[in-house]
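> Below is the file protein-v7.json, which contains JSON, C-alpha atoms.
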[["chain", "number", "residue", "atom", "x", "y", "z"],
["B", 1, "MET", "CA", -0.19, 35.10, -38.72],
["B", 2, "SER", "CA", -3.20, 33.56, -37.04],
["B", 3, "ILE", "CA", -0.93, 31.04, -35.36],
["B", 4, "ILE", "CA", 1.03, 33.73, -33.62],
["B", 5, "THR", "CA", -2.12, 35.34, -32.27],
["B", 6, "ASN", "CA", -3.03, 32.10, -30.55],
["B", 7, "ILE", "CA", 0.17, 32.20, -28.53],
["B", 8, "ASN", "CA", -1.12, 33.49, -25.24],
["B", 9, "LYS", "CA", 1.04, 36.10, -23.53],
["B", 10, "LEU", "CA", -0.37, 35.08, -20.17],
["B", 11, "PHE", "CA", 1.19, 31.67, -20.53],
["B", 12, "ASP", "CA", 4.54, 33.05, -21.49],
["B", 13, "HIS", "CA", 6.09, 32.01, -18.23],
["B", 14, "ARG", "CA", 7.31, 28.68, -16.92],
["B", 15, "ILE", "CA", 5.37, 28.81, -13.64],
["B", 16, "ARG", "CA", 2.08, 29.86, -15.21],
["B", 17, "LEU", "CA", 2.37, 27.21, -17.88],
["B", 18, "GLY", "CA", 3.14, 24.71, -15.11],
["B", 19, "ILE", "CA", 0.13, 25.71, -13.00],
["B", 20, "MET", "CA", -2.18, 25.27, -15.97],
["B", 21, "SER", "CA", -0.61, 21.92, -16.96],
["B", 22, "ILE", "CA", -1.25, 20.54, -13.49],
["B", 23, "LEU", "CA", -4.81, 21.83, -13.39],
["B", 24, "MET", "CA", -5.58, 20.33, -16.79],
["B", 25, "VAL", "CA", -5.15, 16.79, -15.45],
["B", 26, "ASN", "CA", -6.18, 17.32, -11.83],
["B", 27, "GLU", "CA", -9.59, 18.42, -10.69],
["B", 28, "TYR", "CA", -7.98, 20.41, -7.89],
["B", 29, "ALA", "CA", -4.55, 21.29, -6.66],
["B", 30, "ASP", "CA", -3.77, 23.11, -3.46],
["B", 31, "PHE", "CA", -1.07, 25.69, -2.94],
["B", 32, "LYS", "CA", 1.33, 23.24, -1.33],
["B", 33, "MET", "CA", 1.02, 20.71, -4.14],
["B", 34, "LEU", "CA", 1.66, 23.37, -6.79],
["B", 35, "LYS", "CA", 4.61, 24.68, -4.83],
["B", 36, "GLU", "CA", 6.22, 21.26, -4.54],
["B", 37, "LEU", "CA", 5.66, 20.30, -8.16],
["B", 38, "LEU", "CA", 6.88, 23.58, -9.59],
["B", 39, "GLY", "CA", 9.64, 24.28, -7.12],
["B", 40, "ALA", "CA", 8.54, 27.89, -6.73],
["B", 41, "THR", "CA", 8.64, 30.18, -3.72],
["B", 42, "ASP", "CA", 5.44, 31.26, -1.96],
["B", 43, "GLY", "CA", 5.55, 34.82, -3.22],
["B", 44, "ASN", "CA", 6.41, 33.85, -6.75],
["B", 45, "LEU", "CA", 3.65, 31.27, -6.99],
["B", 46, "ALA", "CA", 1.11, 33.61, -5.38],
["B", 47, "SER", "CA", 1.75, 36.36, -7.91],
["B", 48, "HIS", "CA", 1.33, 33.97, -10.82],
["B", 49, "THR", "CA", -1.87, 32.40, -9.50],
["B", 50, "LYS", "CA", -3.19, 35.92, -8.94],
["B", 51, "ALA", "CA", -2.49, 36.82, -12.55],
["B", 52, "LEU", "CA", -4.27, 33.72, -13.81],
["B", 53, "GLU", "CA", -7.15, 34.31, -11.42],
["B", 54, "LYS", "CA", -7.56, 37.87, -12.63],
["B", 55, "SER", "CA", -8.05, 36.71, -16.22],
["B", 56, "GLU", "CA", -10.48, 34.08, -14.90],
["B", 57, "TYR", "CA", -8.36, 31.15, -16.04],
["B", 58, "LEU", "CA", -8.50, 29.61, -12.63],
["B", 59, "ARG", "CA", -10.83, 29.49, -9.69],
["B", 60, "VAL", "CA", -9.65, 29.93, -6.12],
["B", 61, "GLU", "CA", -11.35, 28.34, -3.13],
["B", 62, "LYS", "CA", -10.29, 29.13, 0.38],
["B", 63, "GLN", "CA", -11.34, 26.73, 3.08],
["B", 64, "PHE", "CA", -10.23, 25.33, 6.38],
["B", 65, "ILE", "CA", -8.91, 21.82, 6.87],
["B", 66, "GLY", "CA", -9.15, 21.48, 10.63],
["B", 67, "ARG", "CA", -7.67, 24.77, 11.75],
["B", 68, "LYS", "CA", -5.33, 25.26, 8.86],
["B", 69, "PRO", "CA", -6.36, 27.52, 6.01],
["B", 70, "ASN", "CA", -6.12, 25.76, 2.70],
["B", 71, "THR", "CA", -6.25, 27.34, -0.74],
["B", 72, "ARG", "CA", -7.11, 25.17, -3.63],
["B", 73, "TYR", "CA", -7.19, 25.96, -7.30],
["B", 74, "SER", "CA", -9.05, 24.57, -10.27],
["B", 75, "ALA", "CA", -8.99, 25.54, -13.93],
["B", 76, "THR", "CA", -12.05, 27.30, -15.37],
["B", 77, "LYS", "CA", -13.60, 26.37, -18.69],
["B", 78, "LEU", "CA", -12.08, 29.49, -20.20],
["B", 79, "GLY", "CA", -8.66, 28.64, -18.79],
["B", 80, "LYS", "CA", -8.77, 25.13, -20.20],
["B", 81, "ALA", "CA", -9.85, 26.35, -23.63],
["B", 82, "GLU", "CA", -7.16, 29.03, -23.71],
["B", 83, "PHE", "CA", -4.53, 26.55, -22.60],
["B", 84, "LYS", "CA", -5.50, 24.12, -25.35],
["B", 85, "LYS", "CA", -5.31, 26.89, -27.96],
["B", 86, "HIS", "CA", -1.90, 27.86, -26.65],
["B", 87, "ILE", "CA", -0.57, 24.29, -26.82],
["B", 88, "GLU", "CA", -1.90, 23.82, -30.34],
["B", 89, "ALA", "CA", -0.22, 27.04, -31.40],
["B", 90, "LEU", "CA", 3.05, 25.90, -29.83],
["B", 91, "GLU", "CA", 2.86, 22.57, -31.65],
["B", 92, "LYS", "CA", 2.17, 24.25, -34.97],
["B", 93, "LEU", "CA", 5.12, 26.56, -34.48],
["B", 94, "ILE", "CA", 7.40, 23.63, -33.80],
["B", 95, "HIS", "CA", 6.20, 21.66, -36.80],
["B", 96, "LYS", "CA", 6.37, 24.61, -39.15],
["B", 97, "THR", "CA", 10.11, 25.06, -38.94],
["N", 1, "MET", "CA", 11.31, 32.67, -27.95],
["N", 2, "SER", "CA", 13.11, 30.25, -30.22],
["N", 3, "ASN", "CA", 11.86, 26.94, -31.49],
["N", 4, "LYS", "CA", 13.91, 25.11, -28.91],
["N", 5, "ASP", "CA", 12.21, 26.99, -26.10],
["N", 6, "TYR", "CA", 8.78, 25.97, -27.35],
["N", 7, "LEU", "CA", 9.87, 22.37, -27.44],
["N", 8, "LYS", "CA", 11.16, 22.67, -23.90],
["N", 9, "ASP", "CA", 7.80, 24.12, -22.87],
["N", 10, "ILE", "CA", 5.93, 21.17, -24.34],
["N", 11, "THR", "CA", 8.23, 18.65, -22.66],
["N", 12, "GLU", "CA", 7.83, 20.39, -19.34],
["N", 13, "ILE", "CA", 4.05, 20.46, -19.69],
["N", 14, "LYS", "CA", 4.00, 16.71, -20.38],
["N", 15, "ASN", "CA", 6.28, 16.06, -17.42],
["N", 16, "LEU", "CA", 4.16, 18.07, -15.03],
["N", 17, "MET", "CA", 0.95, 16.45, -16.22],
["N", 18, "ASN", "CA", 2.40, 13.01, -15.58],
["N", 19, "LYS", "CA", 4.07, 13.85, -12.32],
["N", 20, "SER", "CA", 1.02, 15.55, -10.87],
["N", 21, "SER", "CA", -1.48, 12.86, -11.76],
["N", 22, "ARG", "CA", 0.41, 9.57, -11.74],
["N", 23, "PHE", "CA", 2.52, 7.79, -9.21],
["N", 24, "ILE", "CA", 5.22, 6.13, -11.27],
["N", 25, "SER", "CA", 7.68, 4.77, -8.74],
["N", 26, "LEU", "CA", 6.10, 1.31, -8.60],
["N", 27, "SER", "CA", 8.93, -1.17, -8.44],
["N", 28, "GLY", "CA", 9.16, -3.98, -10.98],
["N", 29, "LEU", "CA", 11.13, -6.00, -8.47],
["N", 30, "SER", "CA", 8.16, -6.08, -6.10],
["N", 31, "GLY", "CA", 6.10, -7.73, -8.87],
["N", 32, "ILE", "CA", 8.73, -10.45, -9.22],
["N", 33, "MET", "CA", 8.78, -11.00, -5.45],
["N", 34, "ALA", "CA", 4.95, -11.16, -5.26],
["N", 35, "GLY", "CA", 5.02, -13.82, -7.97],
["N", 36, "ILE", "CA", 7.61, -15.85, -6.10],
["N", 37, "TYR", "CA", 5.60, -15.69, -2.85],
["N", 38, "ALA", "CA", 2.50, -16.80, -4.75],
["N", 39, "LEU", "CA", 4.38, -19.75, -6.29],
["N", 40, "ILE", "CA", 5.78, -20.82, -2.91],
["N", 41, "GLY", "CA", 2.31, -20.50, -1.36],
["N", 42, "ALA", "CA", 0.69, -22.48, -4.17],
["N", 43, "GLY", "CA", 3.42, -25.15, -3.97],
["N", 44, "THR", "CA", 2.90, -25.58, -0.22],
["N", 45, "THR", "CA", -0.87, -25.72, -0.70],
["N", 46, "PHE", "CA", -0.57, -28.36, -3.41],
["N", 47, "TRP", "CA", 1.73, -30.45, -1.24],
["N", 48, "LEU", "CA", -0.59, -30.14, 1.78],
["N", 49, "VAL", "CA", -3.70, -31.04, -0.15],
["N", 50, "THR", "CA", -2.21, -34.07, -1.93],
["N", 51, "ASN", "CA", -0.57, -35.46, 1.22],
["N", 52, "TYR", "CA", -3.00, -34.65, 4.01],
["N", 53, "SER", "CA", -6.35, -34.13, 2.39],
["N", 54, "SER", "CA", -6.39, -36.91, -0.23],
["N", 55, "GLY", "CA", -6.39, -34.46, -3.13],
["N", 56, "THR", "CA", -9.63, -32.68, -2.25],
["N", 57, "LEU", "CA", -10.13, -29.69, -0.04],
["N", 58, "ARG", "CA", -12.72, -29.84, 2.70],
["N", 59, "LEU", "CA", -13.93, -26.61, 4.23],
["N", 60, "ASP", "CA", -13.80, -27.58, 7.88],
["N", 61, "GLY", "CA", -10.41, -29.24, 8.24],
["N", 62, "TRP", "CA", -7.11, -27.84, 9.46],
["N", 63, "VAL", "CA", -5.73, -28.13, 5.93],
["N", 64, "PHE", "CA", -8.26, -25.61, 4.71],
["N", 65, "ARG", "CA", -7.48, -23.22, 7.56],
["N", 66, "THR", "CA", -3.78, -23.56, 6.80],
["N", 67, "VAL", "CA", -4.44, -22.83, 3.13],
["N", 68, "LEU", "CA", -6.34, -19.67, 4.09],
["N", 69, "PHE", "CA", -3.43, -18.69, 6.32],
["N", 70, "ILE", "CA", -0.95, -19.26, 3.46],
["N", 71, "LEU", "CA", -3.13, -17.12, 1.18],
["N", 72, "PHE", "CA", -3.15, -14.37, 3.76],
["N", 73, "MET", "CA", 0.63, -14.59, 4.21],
["N", 74, "VAL", "CA", 1.22, -14.37, 0.45],
["N", 75, "ALA", "CA", -0.91, -11.23, 0.28],
["N", 76, "PHE", "CA", 0.69, -9.74, 3.38],
["N", 77, "LEU", "CA", 4.29, -10.39, 2.30],
["N", 78, "SER", "CA", 3.59, -9.08, -1.21],
["N", 79, "VAL", "CA", 2.18, -5.83, 0.18],
["N", 80, "VAL", "CA", 5.05, -5.35, 2.65],
["N", 81, "THR", "CA", 7.70, -6.07, 0.00],
["N", 82, "GLY", "CA", 5.87, -3.81, -2.45],
["N", 83, "ILE", "CA", 5.78, -0.91, 0.01],
["N", 84, "PHE", "CA", 9.44, -1.39, 0.93],
["N", 85, "LEU", "CA", 10.76, -1.55, -2.65],
["N", 86, "THR", "CA", 8.49, 1.23, -3.89],
["N", 87, "THR", "CA", 9.56, 3.54, -1.06],
["N", 88, "ARG", "CA", 13.16, 2.85, -1.97],
["N", 89, "LYS", "CA", 12.54, 3.62, -5.62],
["N", 90, "ALA", "CA", 10.55, 6.76, -4.85],
["N", 91, "LYS", "CA", 13.40, 8.03, -2.72],
["N", 92, "LYS", "CA", 15.83, 7.42, -5.55],
["N", 93, "ASN", "CA", 13.54, 9.27, -7.97],
["N", 94, "GLY", "CA", 13.12, 12.13, -5.51],
["N", 95, "GLU", "CA", 9.39, 11.44, -5.50],
["N", 96, "LYS", "CA", 7.31, 11.59, -2.35],
["N", 97, "ILE", "CA", 5.89, 8.23, -1.25],
["N", 98, "TRP", "CA", 2.76, 9.68, 0.34],
["N", 99, "ASP", "CA", 1.32, 12.47, -1.78],
["N", 100, "THR", "CA", -1.86, 13.15, -3.72],
["N", 101, "SER", "CA", -0.90, 10.84, -6.56],
["N", 102, "SER", "CA", 0.02, 7.82, -4.44],
["N", 103, "LYS", "CA", -3.06, 8.26, -2.25],
["N", 104, "ARG", "CA", -5.26, 8.37, -5.33],
["N", 105, "LEU", "CA", -3.54, 5.30, -6.73],
["N", 106, "ILE", "CA", -4.08, 3.27, -3.56],
["N", 107, "ILE", "CA", -7.72, 4.29, -3.13],
["N", 108, "ASN", "CA", -8.58, 3.38, -6.71],
["N", 109, "PHE", "CA", -6.70, 0.11, -6.47],
["N", 110, "LEU", "CA", -8.43, -0.85, -3.22],
["N", 111, "ILE", "CA", -12.04, -0.21, -4.25],
["N", 112, "PRO", "CA", -12.45, -3.25, -6.58],
["N", 113, "LEU", "CA", -10.04, -5.29, -4.46],
["N", 114, "ILE", "CA", -11.94, -4.86, -1.18],
["N", 115, "ALA", "CA", -15.31, -5.37, -2.85],
["N", 116, "GLY", "CA", -13.96, -8.57, -4.42],
["N", 117, "GLY", "CA", -12.26, -9.71, -1.23],
["N", 118, "LEU", "CA", -15.48, -9.37, 0.77],
["N", 119, "TYR", "CA", -17.42, -11.16, -1.96],
["N", 120, "VAL", "CA", -14.97, -14.07, -1.90],
["N", 121, "LEU", "CA", -15.16, -14.26, 1.90],
["N", 122, "ILE", "CA", -18.96, -14.29, 1.78],
["N", 123, "ILE", "CA", -19.21, -17.11, -0.74],
["N", 124, "LEU", "CA", -16.53, -19.02, 1.16],
["N", 125, "SER", "CA", -18.68, -18.76, 4.29],
["N", 126, "HIS", "CA", -21.53, -20.24, 2.24],
["N", 127, "GLY", "CA", -19.32, -23.21, 1.55],
["N", 128, "LYS", "CA", -18.86, -22.55, -2.15],
["N", 129, "PHE", "CA", -15.20, -22.34, -2.90],
["N", 130, "GLY", "CA", -15.04, -23.71, -6.43],
["N", 131, "GLN", "CA", -15.07, -20.22, -7.94],
["N", 132, "THR", "CA", -12.76, -18.40, -5.54],
["N", 133, "GLY", "CA", -9.64, -18.70, -7.74],
["N", 134, "GLY", "CA", -11.43, -17.17, -10.71],
["N", 135, "LEU", "CA", -13.09, -14.45, -8.66],
["N", 136, "MET", "CA", -9.82, -13.41, -7.07],
["N", 137, "LEU", "CA", -8.26, -13.15, -10.52],
["N", 138, "ILE", "CA", -11.14, -11.11, -11.94],
["N", 139, "PHE", "CA", -11.35, -8.62, -9.09],
["N", 140, "TYR", "CA", -7.58, -8.26, -8.95],
["N", 141, "GLY", "CA", -7.57, -7.58, -12.68],
["N", 142, "LEU", "CA", -10.26, -4.92, -12.28],
["N", 143, "ALA", "CA", -8.27, -3.33, -9.46],
["N", 144, "LEU", "CA", -5.18, -3.17, -11.68],
["N", 145, "ILE", "CA", -7.08, -1.60, -14.57],
["N", 146, "ASN", "CA", -8.67, 0.93, -12.25],
["N", 147, "ALA", "CA", -5.28, 1.79, -10.75],
["N", 148, "SER", "CA", -3.54, 2.05, -14.13],
["N", 149, "LYS", "CA", -5.06, 5.51, -14.68],
["N", 150, "TYR", "CA", -3.05, 6.77, -11.74],
["N", 151, "SER", "CA", 0.22, 4.96, -12.27],
["N", 152, "ILE", "CA", 2.30, 3.39, -15.02],
["N", 153, "GLY", "CA", -0.31, 2.78, -17.70],
["N", 154, "ASP", "CA", 1.20, -0.61, -18.54],
["N", 155, "ILE", "CA", -0.31, -2.32, -15.50],
["N", 156, "LYS", "CA", -3.67, -2.37, -17.25],
["N", 157, "TYR", "CA", -2.38, -5.12, -19.57],
["N", 158, "LEU", "CA", -1.60, -7.25, -16.54],
["N", 159, "GLY", "CA", -5.17, -6.49, -15.45],
["N", 160, "PHE", "CA", -6.62, -7.71, -18.77],
["N", 161, "ILE", "CA", -4.60, -10.93, -18.50],
["N", 162, "GLN", "CA", -5.84, -11.56, -14.94],
["N", 163, "ILE", "CA", -9.46, -11.01, -15.95],
["N", 164, "THR", "CA", -9.10, -13.38, -18.92],
["N", 165, "LEU", "CA", -7.57, -16.04, -16.69],
["N", 166, "GLY", "CA", -10.36, -15.47, -14.16],
["N", 167, "LEU", "CA", -13.06, -15.98, -16.80],
["N", 168, "ILE", "CA", -11.37, -19.16, -18.02],
["N", 169, "ALA", "CA", -11.36, -20.32, -14.39],
["N", 170, "ALA", "CA", -15.10, -19.64, -14.25],
["N", 171, "LEU", "CA", -15.60, -21.87, -17.31],
["N", 172, "TYR", "CA", -13.38, -24.65, -15.98],
["N", 173, "PRO", "CA", -13.54, -24.56, -12.16],
["N", 174, "GLY", "CA", -11.30, -27.62, -12.02],
["N", 175, "LEU", "CA", -8.45, -25.58, -13.45],
["N", 176, "GLY", "CA", -8.98, -22.76, -10.93],
["N", 177, "PHE", "CA", -5.91, -23.62, -8.89],
["N", 178, "TRP", "CA", -3.58, -23.77, -11.89],
["N", 179, "LEU", "CA", -4.96, -20.57, -13.40],
["N", 180, "TRP", "CA", -4.42, -18.90, -10.03],
["N", 181, "VAL", "CA", -0.80, -20.11, -10.13],
["N", 182, "ILE", "CA", -0.38, -18.70, -13.64],
["N", 183, "GLY", "CA", -2.07, -15.38, -12.80],
["N", 184, "PHE", "CA", -0.65, -14.55, -9.40],
["N", 185, "GLY", "CA", 2.61, -16.45, -9.73],
["N", 186, "LEU", "CA", 3.89, -16.66, -13.27],
["N", 187, "MET", "CA", 2.33, -13.48, -14.70],
["N", 188, "HIS", "CA", 3.62, -11.37, -11.78],
["N", 189, "ILE", "CA", 7.13, -12.64, -12.38],
["N", 190, "VAL", "CA", 6.99, -12.14, -16.17],
["N", 191, "TYR", "CA", 5.43, -8.73, -15.73],
["N", 192, "GLY", "CA", 7.81, -7.70, -12.97],
["N", 193, "ILE", "CA", 10.81, -8.59, -15.13],
["N", 194, "TRP", "CA", 9.37, -6.63, -18.05],
["N", 195, "MET", "CA", 8.75, -3.57, -15.85],
["N", 196, "TYR", "CA", 12.18, -3.91, -14.32],
["N", 197, "ILE", "CA", 13.86, -3.91, -17.72],
["N", 198, "LYS", "CA", 11.66, -1.10, -19.04],
["N", 199, "TYR", "CA", 11.73, 1.33, -16.09],
["N", 200, "ASP", "CA", 14.16, 0.34, -13.34],
["N", 201, "ARG", "CA", 17.33, -0.58, -15.13],
["N", 202, "LYS", "CA", 19.09, 2.44, -16.48]]
Would you mind giving the structure from this file in structure tokens?

Amino acid sequence: MSIITNINKLFDHRIRLGIMSILMVNEYADFKMLKELLGATDGNLASHTKALEKSEYLRVEKQFIGRKPNTRYSATKLGKAEFKKHIEALEKLIHKT
Amino acid sequence: MSNKDYLKDITEIKNLMNKSSRFISLSGLSGIMAGIYALIGAGTTFWLVTNYSSGTLRLDGWVFRTVLFILFMVAFLSVVTGIFLTTRKAKKNGEKIWDTSSKRLIINFLIPLIAGGLYVLIILSHGKFGQTGGLMLIFYGLALINASKYSIGDIKYLGFIQITLGLIAALYPGLGFWLWVIGFGLMHIVYGIWMYIKYDRK
């Protein structure tokens, strides 16, 4: 049963899983990069980043590049740890059956 | 969620990790072309030096300047062909040619390459050119290994080969020219064909 508890409900969505995957291997990713890689709409992506931000899985930095506002994201230590646990749980589930 | 969905999740995670951190549209064909340019350049150089410079290369003559020009042309044509073929392949893959991953790849490739290039130019200006072949091989190898973290991982093996050849050239400066031919000519062609078979042909 302990395996099931490691499956994180927060990651139970394609976009959220995608955001975390990208942030595991990249120090930063900005909104545009996430959008292009995941093929999500602005609103959709924003709501998912908000959810992950709320649980402190990712950090948001707003800055200006020239005159354009730019939002970039990075994974927190907690987010990375939770993501790893989630992946391990997924792998165990696959191997078990 | 069923087992199949979990598997799909894992595959998607792997895909995204690769796509977001590596630029994988490098064309194998451009490696083959770079090798051919290098062989043509080396052939012309060899012919020039044996016929017009009595087998040795002096630093002040027109032969030497022509050789430098050939070297520059080989590099220039290789880069242009590389950009052209890679752009074509990226388009086919639906990958952007100029994004975070390709920028990162180019920056990391250029750091050892520019440092090495300047070093070679400096020692050439001091009149010591016996080691240039080996140095070019070593720095090019380091550039490839550095870049391999941001592209197809396989290019690091080409990097190791170039460094090995470069070190051999340092031990036997007389062989420098031939090791350069093997490294930049032959190995590019062999490697390009291997990459072409592995990634391009479907």
> Please list as number ranges by chain every residue within 12 Å of B:Lys9, counting all atoms listed in the file and excluding residues in the same chain fewer than 3 positions away.
B: 4-6, 12-14, 16-17, 51-52, 55, 82-83, 86; N: 1
> How many Å separate atom CA of N:Gly94 from atom CA of N:Met195?
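Rounded to one decimal, the two atoms are 19.3 Å apart.
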> Identify which of the residues N:Ala90, N:Leu71, N:Leu158, N:Ile182 lies closest to N:Asn146, counting all atoms listed in the file when measuring atom-to-atom distances.
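Nearest to N:Asn146: N:Leu158.
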> Rank nothing, just name the residue among B:Met33, B:Ile94, B:Ile22, B:Leu10 nearest to B:Asn70, using all atoms listed in the file.
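Looking at the shortest contact to B:Asn70, the residue is B:Met33.
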> Using all atoms listed in the file and a cut-off of 8 Å, which residues of chain N sit close to chain B? Please list them as an MDAnalysis selection string.
chainID N and resid 3 6:7 9:10 12:14 16:17 19:21
> Between N:Phe177, N:Tyr157, N:Phe72, N:Trp47, which residue has the minimum interatomic distance to N:Phe129, considering all atoms listed in the file?
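Under the stated criterion, the closest residue is N:Phe177.
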> Could you tell me how far atom CA of N:Trp62 lies from atom CA of N:Leu48, in Å and to one decimal?
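Atom CA of N:Leu48 lies at a distance of 10.3 Å from atom CA of N:Trp62.
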> Which distance in Å separates atom CA of B:Glu56 and atom CA of B:Ala81, to one decimal?
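Between atom CA of B:Glu56 and atom CA of B:Ala81 the gap works out to 11.7 Å.
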> Could you pull the residues within 8 Å of N:Ile193, counting only C-alpha atoms, minus those fewer than 6 positions along the same chain, as a list in words?
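That gives Gly28, Leu29, Gly31 and Ile32 of chain N.
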> As a PyMOL selection string, please: the residues near N:Ser102 (cut-off 10 Å, all atoms listed in the file, same-chain neighbours under 5 positions excluded).
chain N and resi 21-26+96-97+107-108+150-151
> Dig up all the protein and nucleic acid residues within 7 Å of (-2.8, -17.4, -19.1) in the file frame, using only C-alpha atoms, and format them as a list of chain:residue names.
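Selection result: N:Ile161, N:Leu165, N:Leu179, N:Ile182, N:Gly183.
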> With all atoms listed in the file as the basis for distance, which of N:Val49, N:Ile70, N:Ile40, N:Leu144 is at the shortest distance from N:Leu113?
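Using all atoms listed in the file, the shortest distance to N:Leu113 belongs to N:Leu144.
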> Using only C-alpha atoms, which of N:Ala170, N:Met187, N:Leu77, N:Leu110 sits nearest N:Tyr140?
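Among the listed residues, N:Leu110 lies closest to N:Tyr140.
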> Return stretch 39-50 of chain N, completed with N, CA and C atoms, as a CSV table (one decimal), in the frame of the given file.

chain,number,residue,atom,x,y,z
N,39,LEU,N,4.0,-18.4,-5.9
N,39,LEU,CA,4.4,-19.8,-6.3
N,39,LEU,C,4.7,-20.6,-5.1
N,40,ILE,N,5.4,-20.1,-4.1
N,40,ILE,CA,5.8,-20.8,-2.9
N,40,ILE,C,4.5,-21.2,-2.2
N,41,GLY,N,3.6,-20.2,-2.0
N,41,GLY,CA,2.3,-20.5,-1.4
N,41,GLY,C,1.5,-21.6,-2.1
N,42,ALA,N,1.5,-21.5,-3.4
N,42,ALA,CA,0.7,-22.5,-4.2
N,42,ALA,C,1.3,-23.9,-4.1
N,43,GLY,N,2.7,-23.9,-4.1
N,43,GLY,CA,3.4,-25.2,-4.0
N,43,GLY,C,3.1,-25.8,-2.6
N,44,THR,N,3.2,-25.0,-1.6
N,44,THR,CA,2.9,-25.6,-0.2
N,44,THR,C,1.5,-26.1,-0.2
N,45,THR,N,0.5,-25.3,-0.7
N,45,THR,CA,-0.9,-25.7,-0.7
N,45,THR,C,-1.1,-27.1,-1.4
N,46,PHE,N,-0.4,-27.1,-2.6
N,46,PHE,CA,-0.6,-28.4,-3.4
N,46,PHE,C,0.0,-29.6,-2.6
N,47,TRP,N,1.1,-29.4,-2.0
N,47,TRP,CA,1.7,-30.4,-1.2
N,47,TRP,C,0.8,-30.9,-0.1
N,48,LEU,N,0.3,-29.9,0.6
N,48,LEU,CA,-0.6,-30.1,1.8
N,48,LEU,C,-1.8,-30.9,1.4
N,49,VAL,N,-2.4,-30.4,0.3
N,49,VAL,CA,-3.7,-31.0,-0.2
N,49,VAL,C,-3.5,-32.5,-0.7
N,50,THR,N,-2.4,-32.7,-1.4
N,50,THR,CA,-2.2,-34.1,-1.9
N,50,THR,C,-1.8,-35.0,-0.8
